[in-house]
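**Q** Sharing start_29.txt (compact mmCIF, C-alpha atoms and all ligand atoms) below.
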# COMPACT_ATOMS: atom_id res chain seq x y z
CA MET Q 1151 11.95 37.20 100.26
CA LYS Q 1152 11.21 33.49 99.82
CA ILE Q 1153 9.81 32.84 96.34
CA GLY Q 1154 8.41 29.51 95.15
CA ILE Q 1155 8.40 29.22 91.35
CA LEU Q 1156 6.03 26.76 89.68
CA GLY Q 1157 7.45 26.22 86.20
CA ALA Q 1158 11.19 26.72 85.65
CA GLY Q 1159 10.92 27.58 81.95
CA ASN Q 1160 11.25 30.78 79.93
CA ILE Q 1161 9.32 32.91 82.41
CA GLY Q 1162 9.95 31.12 85.72
CA GLY Q 1163 13.60 30.34 84.99
CA ASN Q 1164 14.44 33.89 83.95
CA LEU Q 1165 12.56 35.57 86.79
CA GLY Q 1166 14.10 33.13 89.28
CA LYS Q 1167 17.61 33.95 88.03
CA ILE Q 1168 17.08 37.71 88.30
CA TRP Q 1169 15.43 37.54 91.73
CA ALA Q 1170 18.16 35.20 93.00
CA ALA Q 1171 20.78 37.73 91.85
CA LYS Q 1172 18.89 40.39 93.83
CA GLY Q 1173 19.21 38.28 96.99
CA HIS Q 1174 15.83 36.53 97.09
CA GLU Q 1175 15.60 32.86 98.08
CA ILE Q 1176 14.28 30.76 95.22
CA PHE Q 1177 12.65 27.31 95.24
CA PHE Q 1178 11.76 25.87 91.82
CA ALA Q 1179 9.07 23.19 91.51
CA VAL Q 1180 10.34 20.83 88.82
CA ARG Q 1181 8.99 17.58 87.42
CA GLU Q 1182 12.33 16.13 86.39
CA PRO Q 1183 15.09 17.28 88.76
CA HIS Q 1184 17.77 15.38 86.81
CA SER Q 1185 16.87 16.74 83.36
CA ASP Q 1186 19.56 18.63 81.43
CA LYS Q 1187 17.38 21.76 81.59
CA VAL Q 1188 17.17 21.73 85.39
CA LYS Q 1189 20.85 20.87 85.77
CA ALA Q 1190 21.79 23.82 83.52
CA LEU Q 1191 19.63 26.17 85.58
CA LEU Q 1192 21.16 24.99 88.84
CA ASN Q 1193 24.70 25.17 87.44
CA GLU Q 1194 24.04 28.79 86.57
CA LEU Q 1195 22.45 29.67 89.90
CA GLY Q 1196 24.51 27.68 92.37
CA SER Q 1197 23.58 25.81 95.50
CA SER Q 1198 21.52 28.58 97.10
CA VAL Q 1199 18.60 27.71 94.82
CA ARG Q 1200 16.48 24.72 95.75
CA THR Q 1201 14.28 22.38 93.70
CA GLY Q 1202 11.50 20.00 94.69
CA SER Q 1203 7.81 19.28 94.31
CA LEU Q 1204 4.99 21.72 93.71
CA GLN Q 1205 3.87 21.36 97.33
CA GLU Q 1206 7.38 21.98 98.64
CA ALA Q 1207 7.79 25.10 96.50
CA VAL Q 1208 4.44 26.48 97.69
CA SER Q 1209 5.19 25.70 101.33
CA PHE Q 1210 8.56 27.44 100.97
CA GLY Q 1211 7.32 30.60 99.26
CA GLU Q 1212 5.96 33.73 100.88
CA VAL Q 1213 5.28 34.56 97.25
CA VAL Q 1214 4.50 31.91 94.61
CA LEU Q 1215 4.94 32.51 90.88
CA LEU Q 1216 2.73 30.44 88.57
CA ALA Q 1217 4.53 30.10 85.23
CA VAL Q 1218 3.33 26.91 83.53
CA HIS Q 1219 1.45 26.59 80.26
CA TRP Q 1220 -2.32 26.90 80.57
CA GLN Q 1221 -2.92 23.23 79.75
CA ASN Q 1222 -0.86 22.35 82.87
CA VAL Q 1223 -2.60 24.85 85.15
CA PRO Q 1224 -5.54 22.63 86.28
CA ALA Q 1225 -3.19 19.81 87.38
CA VAL Q 1226 -0.90 22.26 89.18
CA LEU Q 1227 -3.82 23.96 90.97
CA GLN Q 1228 -5.13 20.58 92.08
CA GLU Q 1229 -1.72 19.72 93.59
CA ILE Q 1230 -1.44 22.99 95.55
CA GLN Q 1231 -5.04 23.34 96.70
CA GLY Q 1232 -5.25 23.98 100.43
CA LEU Q 1233 -1.65 25.24 100.62
CA MET Q 1234 -2.11 28.73 99.18
CA SER Q 1235 -4.34 30.32 101.81
CA ASP Q 1236 -3.08 33.85 102.63
CA LYS Q 1237 -0.12 33.48 100.25
CA ILE Q 1238 0.58 35.73 97.29
CA LEU Q 1239 0.22 34.02 93.93
CA ILE Q 1240 1.65 35.88 90.93
CA ASP Q 1241 -0.17 34.69 87.82
CA SER Q 1242 2.03 35.13 84.75
CA THR Q 1243 0.14 32.63 82.63
CA ASN Q 1244 -1.57 33.30 79.36
CA ARG Q 1245 -4.66 31.44 78.27
CA MET Q 1246 -4.20 31.57 74.51
CA ILE Q 1247 -7.00 29.04 73.91
CA PRO Q 1248 -10.77 29.67 74.09
CA PRO Q 1249 -11.88 29.67 77.76
CA PRO Q 1250 -13.66 26.57 79.05
CA PRO Q 1251 -17.46 26.84 79.46
CA ASP Q 1252 -17.49 27.04 83.28
CA THR Q 1253 -15.19 30.01 83.56
CA THR Q 1254 -14.78 33.58 84.77
CA GLY Q 1255 -13.66 36.36 82.47
CA SER Q 1256 -9.96 35.61 82.81
CA ALA Q 1257 -7.31 33.04 83.63
CA ALA Q 1258 -6.35 35.00 86.76
CA GLU Q 1259 -9.92 35.01 88.12
CA ASP Q 1260 -10.29 31.29 87.36
CA ILE Q 1261 -7.09 30.68 89.32
CA ALA Q 1262 -8.36 32.79 92.23
CA ARG Q 1263 -11.62 30.85 92.23
CA ALA Q 1264 -9.70 27.56 92.38
CA LEU Q 1265 -7.48 28.76 95.26
CA PRO Q 1266 -9.72 30.34 97.91
CA GLY Q 1267 -7.74 32.58 100.26
CA ALA Q 1268 -4.83 33.08 97.86
CA LYS Q 1269 -3.94 36.69 97.06
CA VAL Q 1270 -3.79 36.47 93.29
CA ILE Q 1271 -1.95 39.20 91.39
CA LYS Q 1272 -1.76 39.15 87.60
CA ALA Q 1273 1.70 40.34 86.55
CA PHE Q 1274 4.64 39.99 84.16
CA SER Q 1275 2.49 38.44 81.44
CA THR Q 1276 2.27 41.06 78.68
CA LEU Q 1277 5.59 40.70 76.89
CA GLY Q 1278 7.83 37.94 75.56
CA ALA Q 1279 10.14 36.21 78.02
CA ASN Q 1280 13.09 37.10 75.74
CA ASN Q 1281 12.80 40.67 77.05
CA LEU Q 1282 12.94 39.89 80.76
CA THR Q 1283 16.71 40.15 81.04
CA ASN Q 1284 16.71 43.59 79.42
CA LEU Q 1285 13.61 45.70 79.97
CA LYS Q 1286 15.21 48.94 78.75
CA PHE Q 1287 14.00 50.28 75.41
CA GLY Q 1288 16.09 53.35 74.73
CA SER Q 1289 15.50 55.54 77.77
CA GLU Q 1290 12.20 53.82 78.65
CA ASP Q 1291 11.53 50.85 80.93
CA ALA Q 1292 8.91 48.37 79.67
CA SER Q 1293 5.62 48.54 81.53
CA THR Q 1294 4.07 45.55 83.21
CA PHE Q 1295 0.37 45.86 83.94
CA ILE Q 1296 -0.67 44.27 87.22
CA CYS Q 1297 -3.99 43.82 89.00
CA GLY Q 1298 -5.28 42.21 92.17
CA ASP Q 1299 -7.54 42.76 95.15
CA ASP Q 1300 -5.06 42.78 98.05
CA PRO Q 1301 -3.16 46.11 98.36
CA LYS Q 1302 -0.28 44.67 100.44
CA ALA Q 1303 0.21 41.80 98.00
CA LYS Q 1304 0.15 44.27 95.13
CA ALA Q 1305 2.81 46.41 96.84
CA ILE Q 1306 5.07 43.37 97.23
CA VAL Q 1307 4.61 42.34 93.59
CA THR Q 1308 5.25 45.96 92.54
CA GLN Q 1309 8.55 45.88 94.43
CA LEU Q 1310 9.49 42.53 92.83
CA GLY Q 1311 8.57 43.93 89.39
CA GLU Q 1312 10.66 47.06 89.92
CA GLU Q 1313 13.62 44.89 90.90
CA LEU Q 1314 13.28 43.20 87.51
CA GLY Q 1315 13.44 46.63 85.88
CA PHE Q 1316 9.75 47.01 85.01
CA ASP Q 1317 7.75 50.19 85.11
CA VAL Q 1318 4.92 48.65 87.14
CA VAL Q 1319 1.43 49.94 86.27
CA ASP Q 1320 -1.39 49.22 88.73
CA ALA Q 1321 -4.41 48.58 86.50
CA GLY Q 1322 -6.87 47.93 89.34
CA LEU Q 1323 -8.68 45.05 91.00
CA LEU Q 1324 -8.45 41.43 89.87
CA ASN Q 1325 -11.55 41.92 87.73
CA THR Q 1326 -9.28 44.01 85.47
CA ALA Q 1327 -7.44 40.80 84.49
CA PRO Q 1328 -9.45 40.27 81.27
CA LEU Q 1329 -8.10 43.59 79.98
CA ILE Q 1330 -4.51 42.73 80.91
CA GLU Q 1331 -4.85 39.30 79.31
CA SER Q 1332 -6.12 41.01 76.14
CA LEU Q 1333 -2.98 43.16 76.12
CA THR Q 1334 -0.92 39.96 75.82
CA LYS Q 1335 -2.93 38.97 72.78
CA LEU Q 1336 -2.23 42.43 71.35
CA TRP Q 1337 1.52 42.01 72.09
CA VAL Q 1338 1.53 38.63 70.30
CA GLN Q 1339 -0.31 40.05 67.29
CA ILE Q 1340 2.04 43.07 67.04
CA SER Q 1341 5.12 40.84 67.44
CA ARG Q 1342 4.16 39.14 64.16
CA ASN Q 1343 4.91 42.42 62.37
CA TYR Q 1344 7.61 43.94 64.60
CA GLY Q 1345 9.42 40.92 66.11
CA ARG Q 1346 9.71 39.90 69.77
CA GLU Q 1347 12.04 42.71 70.92
CA ILE Q 1348 9.05 44.88 71.76
CA ALA Q 1349 7.14 45.91 74.88
CA LEU Q 1350 4.06 47.91 75.82
CA LYS Q 1351 4.56 51.18 77.70
CA LEU Q 1352 2.23 53.49 79.57
CA LEU Q 1353 3.27 57.08 78.86
CA ARG Q 1354 2.34 59.64 81.50
CA ARG Q 1355 2.64 63.41 82.05
N1 LIG Q 1401 7.33 32.58 76.89
C1 LIG Q 1401 6.83 33.80 76.89
O1 LIG Q 1401 7.29 34.68 76.14
C2 LIG Q 1401 5.70 34.15 77.83
C3 LIG Q 1401 5.40 35.49 78.05
C4 LIG Q 1401 4.41 35.83 78.96
C5 LIG Q 1401 3.70 34.82 79.61
N2 LIG Q 1401 3.98 33.51 79.33
C6 LIG Q 1401 3.19 32.48 79.99
O2 LIG Q 1401 3.98 31.94 81.03
C7 LIG Q 1401 3.67 30.56 81.18
C8 LIG Q 1401 4.96 29.77 81.03
O3 LIG Q 1401 5.46 29.98 79.73
P1 LIG Q 1401 6.97 29.60 79.39
O4 LIG Q 1401 7.25 30.15 78.04
O5 LIG Q 1401 7.85 29.96 80.55
O6 LIG Q 1401 6.84 28.01 79.26
P2 LIG Q 1401 7.99 26.91 79.32
O7 LIG Q 1401 9.30 27.51 78.96
O8 LIG Q 1401 7.50 25.74 78.56
O9 LIG Q 1401 8.03 26.57 80.87
C9 LIG Q 1401 6.95 25.97 81.50
C10 LIG Q 1401 7.53 25.15 82.62
O10 LIG Q 1401 6.46 24.61 83.37
C11 LIG Q 1401 6.89 23.36 83.82
N3 LIG Q 1401 5.77 22.55 84.30
C12 LIG Q 1401 4.65 22.18 83.63
N4 LIG Q 1401 3.87 21.42 84.43
C13 LIG Q 1401 4.52 21.32 85.62
C14 LIG Q 1401 4.25 20.66 86.85
N5 LIG Q 1401 3.14 19.94 87.02
N6 LIG Q 1401 5.14 20.76 87.86
C15 LIG Q 1401 6.28 21.49 87.71
N7 LIG Q 1401 6.60 22.14 86.57
C16 LIG Q 1401 5.74 22.04 85.55
C17 LIG Q 1401 7.61 22.76 82.63
O11 LIG Q 1401 8.42 21.71 83.07
P3 LIG Q 1401 8.91 20.51 82.11
O12 LIG Q 1401 10.27 20.96 81.65
O13 LIG Q 1401 8.93 19.35 83.05
O14 LIG Q 1401 7.92 20.37 81.00
C18 LIG Q 1401 8.39 23.98 82.14
O15 LIG Q 1401 9.65 24.07 82.77
C19 LIG Q 1401 2.62 30.22 80.12
O16 LIG Q 1401 1.34 30.29 80.70
C20 LIG Q 1401 2.80 31.32 79.09
O17 LIG Q 1401 1.62 31.59 78.36
C21 LIG Q 1401 4.98 33.15 78.48
Rewrite the coordinates I just gave you, this time as structure tokens.

**A**
Amino acid sequence: MKIGILGAGNIGGNLGKIWAAKGHEIFFAVREPHSDKVKALLNELGSSVRTGSLQEAVSFGEVVLLAVHWQNVPAVLQEIQGLMSDKILIDSTNRMIPPPPDTTGSAAEDIARALPGAKVIKAFSTLGANNLTNLKFGSEDASTFICGDDPKAKAIVTQLGEELGFDVVDAGLLNTAPLIESLTKLWVQISRNYGREIALKLLRR
């Protein structure tokens, strides 16, 4: 699958590396292609991975991962407006600041409102990026809680999540995003007592 990644940092860089190793085609949007950080990423991944502008990454991707800090989200959304129609956007952002006044209940719903036609799926946001390369905790796989309105898009994101090693939990429609975003706040709070090598898990029987 062709995946455009907006933000080649802790989340985007790690997910891009794992998906590339699984055979997906990756295009990173980067601001400074000649920075040491980007060079190191490309050295690790080889020539099959491409870099370019936000618009190029979005045009390339059948799926687009949004993995920039919340303060950068408005500028990124402005750049990609009009290019996301019918595409899947995975929102892995966390809005750790008070929401702006003209807002929905969640970052994911704000993003969906800004990108009409995009199939927004909240995913991969409720644990520290340090865990992405090893999602096994004893015999358990860490859960990732996802939500979104488009069933086909959700199935694709579920598959991508399972390839990462997640136990993917479908929490419901996109209006469930406020609850998932609260789980991240819970993870951050708990990590202050237990460290960052932790994950949330849905137990079932
Ligand atoms: N880190 C975690 O443990 C974690 C866990 C779950 C969710 N999240 C969420 O995931 C998002 C990313 O976090 P992170 O830790 O991966 O951050 P990060 O390591 O700082 O990476 C963010 C990346 O976004 C890039 N960026 C910002 N504006 C851009 C633009 N206009 N065009 C292209 N690239 C741009 C930055 O590029 P430059 O190098 O040019 O600045 C940087 O590479 C945040 O919303 C965060 O809340 C993080």

**Q** Restricting the calculation to all atoms listed in the file: of Q:Gln1205, Q:Ser1293, Q:Asn1280, Q:Thr1326, which residue gets closest to Gly1311 (chain Q)?

**A**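 Looking only at the distances to Gly1311 (chain Q), the closest residue turns out to be Q:Ser1293.
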
**Q** In terms of the shortest atom-to-atom distance over only C-alpha atoms and all ligand atoms, which of Q:Gln1228, Q:Thr1201, Q:Thr1276, Q:Ser1256 is closest to ligand LIG 1401 (chain Q)?

**A**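 Comparing Q:Gln1228, Q:Thr1201, Q:Thr1276, Q:Ser1256 against ligand LIG 1401 (chain Q), the winner is Q:Thr1276.
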
**Q** Counting all atoms listed in the file, which residue out of Q:Ile1153, Q:Leu1204, Q:Ile1168, Q:Ile1348 sits closest to Gln1231 (chain Q)?

**A**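 When distances to Gln1231 (chain Q) are compared using all atoms listed in the file, the smallest one comes from Q:Leu1204.
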
**Q** (1.2, 39.2, 90.0) in this file's frame - what residues fall within 6 Å of it? Use all atoms listed in the file and give the answer as a ChimeraX atom specification.

**A** /Q:1240-1241,1271-1273,1307

**Q** Measure the distance from CA of Ala1262 (chain Q) to CA of Leu1233 (chain Q) in Å and round it to one decimal.

**A**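 These two atoms are separated by 13.1 Å.
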
**Q** Let me see if you get this right: every residue at most 9 Å from ligand LIG 1401 (chain Q), counting only C-alpha atoms and all ligand atoms, written as a ChimeraX atom specification.

**A** /Q:1155-1164,1178-1183,1185,1187-1188,1202-1204,1216-1223,1225-1227,1229,1241-1246,1274-1282,1334,1346

**Q** Mind giving me the straight-line distance from CA of Ala1268 (chain Q) to CA of Glu1212 (chain Q) in Å, one decimal?

**A**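 Between CA of Ala1268 (chain Q) and CA of Glu1212 (chain Q) the gap is 11.2 Å.
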
**Q** Find the spatial neighbours of Pro1328 (chain Q), counting only C-alpha atoms, within a cut-off of 12 Å - ignore same-chain residues fewer than 6 positions away - and output them as an MDAnalysis selection string.

**A** chainID Q and resid 1244:1245 1249 1253:1260 1272 1295:1298 1321:1322 1334:1335

**Q** Store the residues of this selection in a file with C-alpha atoms, as a tab-separated table (two decimals), keeping the file's coordinate frame.

**A**
chain	number	residue	atom	x	y	z
Q	1244	ASN	CA	-1.57	33.30	79.36
Q	1245	ARG	CA	-4.66	31.44	78.27
Q	1249	PRO	CA	-11.88	29.67	77.76
Q	1253	THR	CA	-15.19	30.01	83.56
Q	1254	THR	CA	-14.78	33.58	84.77
Q	1255	GLY	CA	-13.66	36.36	82.47
Q	1256	SER	CA	-9.96	35.61	82.81
Q	1257	ALA	CA	-7.31	33.04	83.63
Q	1258	ALA	CA	-6.35	35.00	86.76
Q	1259	GLU	CA	-9.92	35.01	88.12
Q	1260	ASP	CA	-10.29	31.29	87.36
Q	1272	LYS	CA	-1.76	39.15	87.60
Q	1295	PHE	CA	0.37	45.86	83.94
Q	1296	ILE	CA	-0.67	44.27	87.22
Q	1297	CYS	CA	-3.99	43.82	89.00
Q	1298	GLY	CA	-5.28	42.21	92.17
Q	1321	ALA	CA	-4.41	48.58	86.50
Q	1322	GLY	CA	-6.87	47.93	89.34
Q	1334	THR	CA	-0.92	39.96	75.82
Q	1335	LYS	CA	-2.93	38.97	72.78

**Q** For Glu1290 (chain Q), which residue out of Q:Pro1266, Q:Leu1333, Q:Val1214, Q:Asp1317 is the nearest one, using only C-alpha atoms?

**A**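 Of Q:Pro1266, Q:Leu1333, Q:Val1214, Q:Asp1317, the one nearest Glu1290 (chain Q), counting only C-alpha atoms, is Q:Asp1317.
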
**Q** Hey, could you pull the box centre and edge lengths for region 1157-1172 of chain Q, axis-aligned, 3 Å padding per side, all listed atoms, to one decimal in Å, as JSON?

**A**
{"center_x": 14.1, "center_y": 33.3, "center_z": 86.9, "size_x": 19.3, "size_y": 20.2, "size_z": 19.9}

**Q** Considering all atoms listed in the file, state which residue in the set Q:Asp1299, Q:Glu1312, Q:Glu1194, Q:Glu1347 is at the smallest distance from Leu1324 (chain Q).

**A**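 Comparing Q:Asp1299, Q:Glu1312, Q:Glu1194, Q:Glu1347 against Leu1324 (chain Q), the winner is Q:Asp1299.
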
**Q** Hey, can you check how far CA of Asn1343 (chain Q) sits from CA of Leu1165 (chain Q)?

**A**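 It comes out at 26.5 Å.
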
**Q** Report as a PyMOL selection string all protein, DNA and RNA residues lying within 10 Å of Leu1310 (chain Q), evaluated on only C-alpha atoms, omitting residues in the same chain fewer than 5 positions from it.

**A** chain Q and resi 1151+1165+1169+1172+1174+1304-1305+1315-1316+1318

**Q** Identify which of the residues Q:Val1319, Q:Leu1265, Q:Glu1313, Q:Leu1195 lies closest to Arg1354 (chain Q), counting all atoms listed in the file when measuring atom-to-atom distances.

**A**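 Of Q:Val1319, Q:Leu1265, Q:Glu1313, Q:Leu1195, the one nearest Arg1354 (chain Q), counting all atoms listed in the file, is Q:Val1319.
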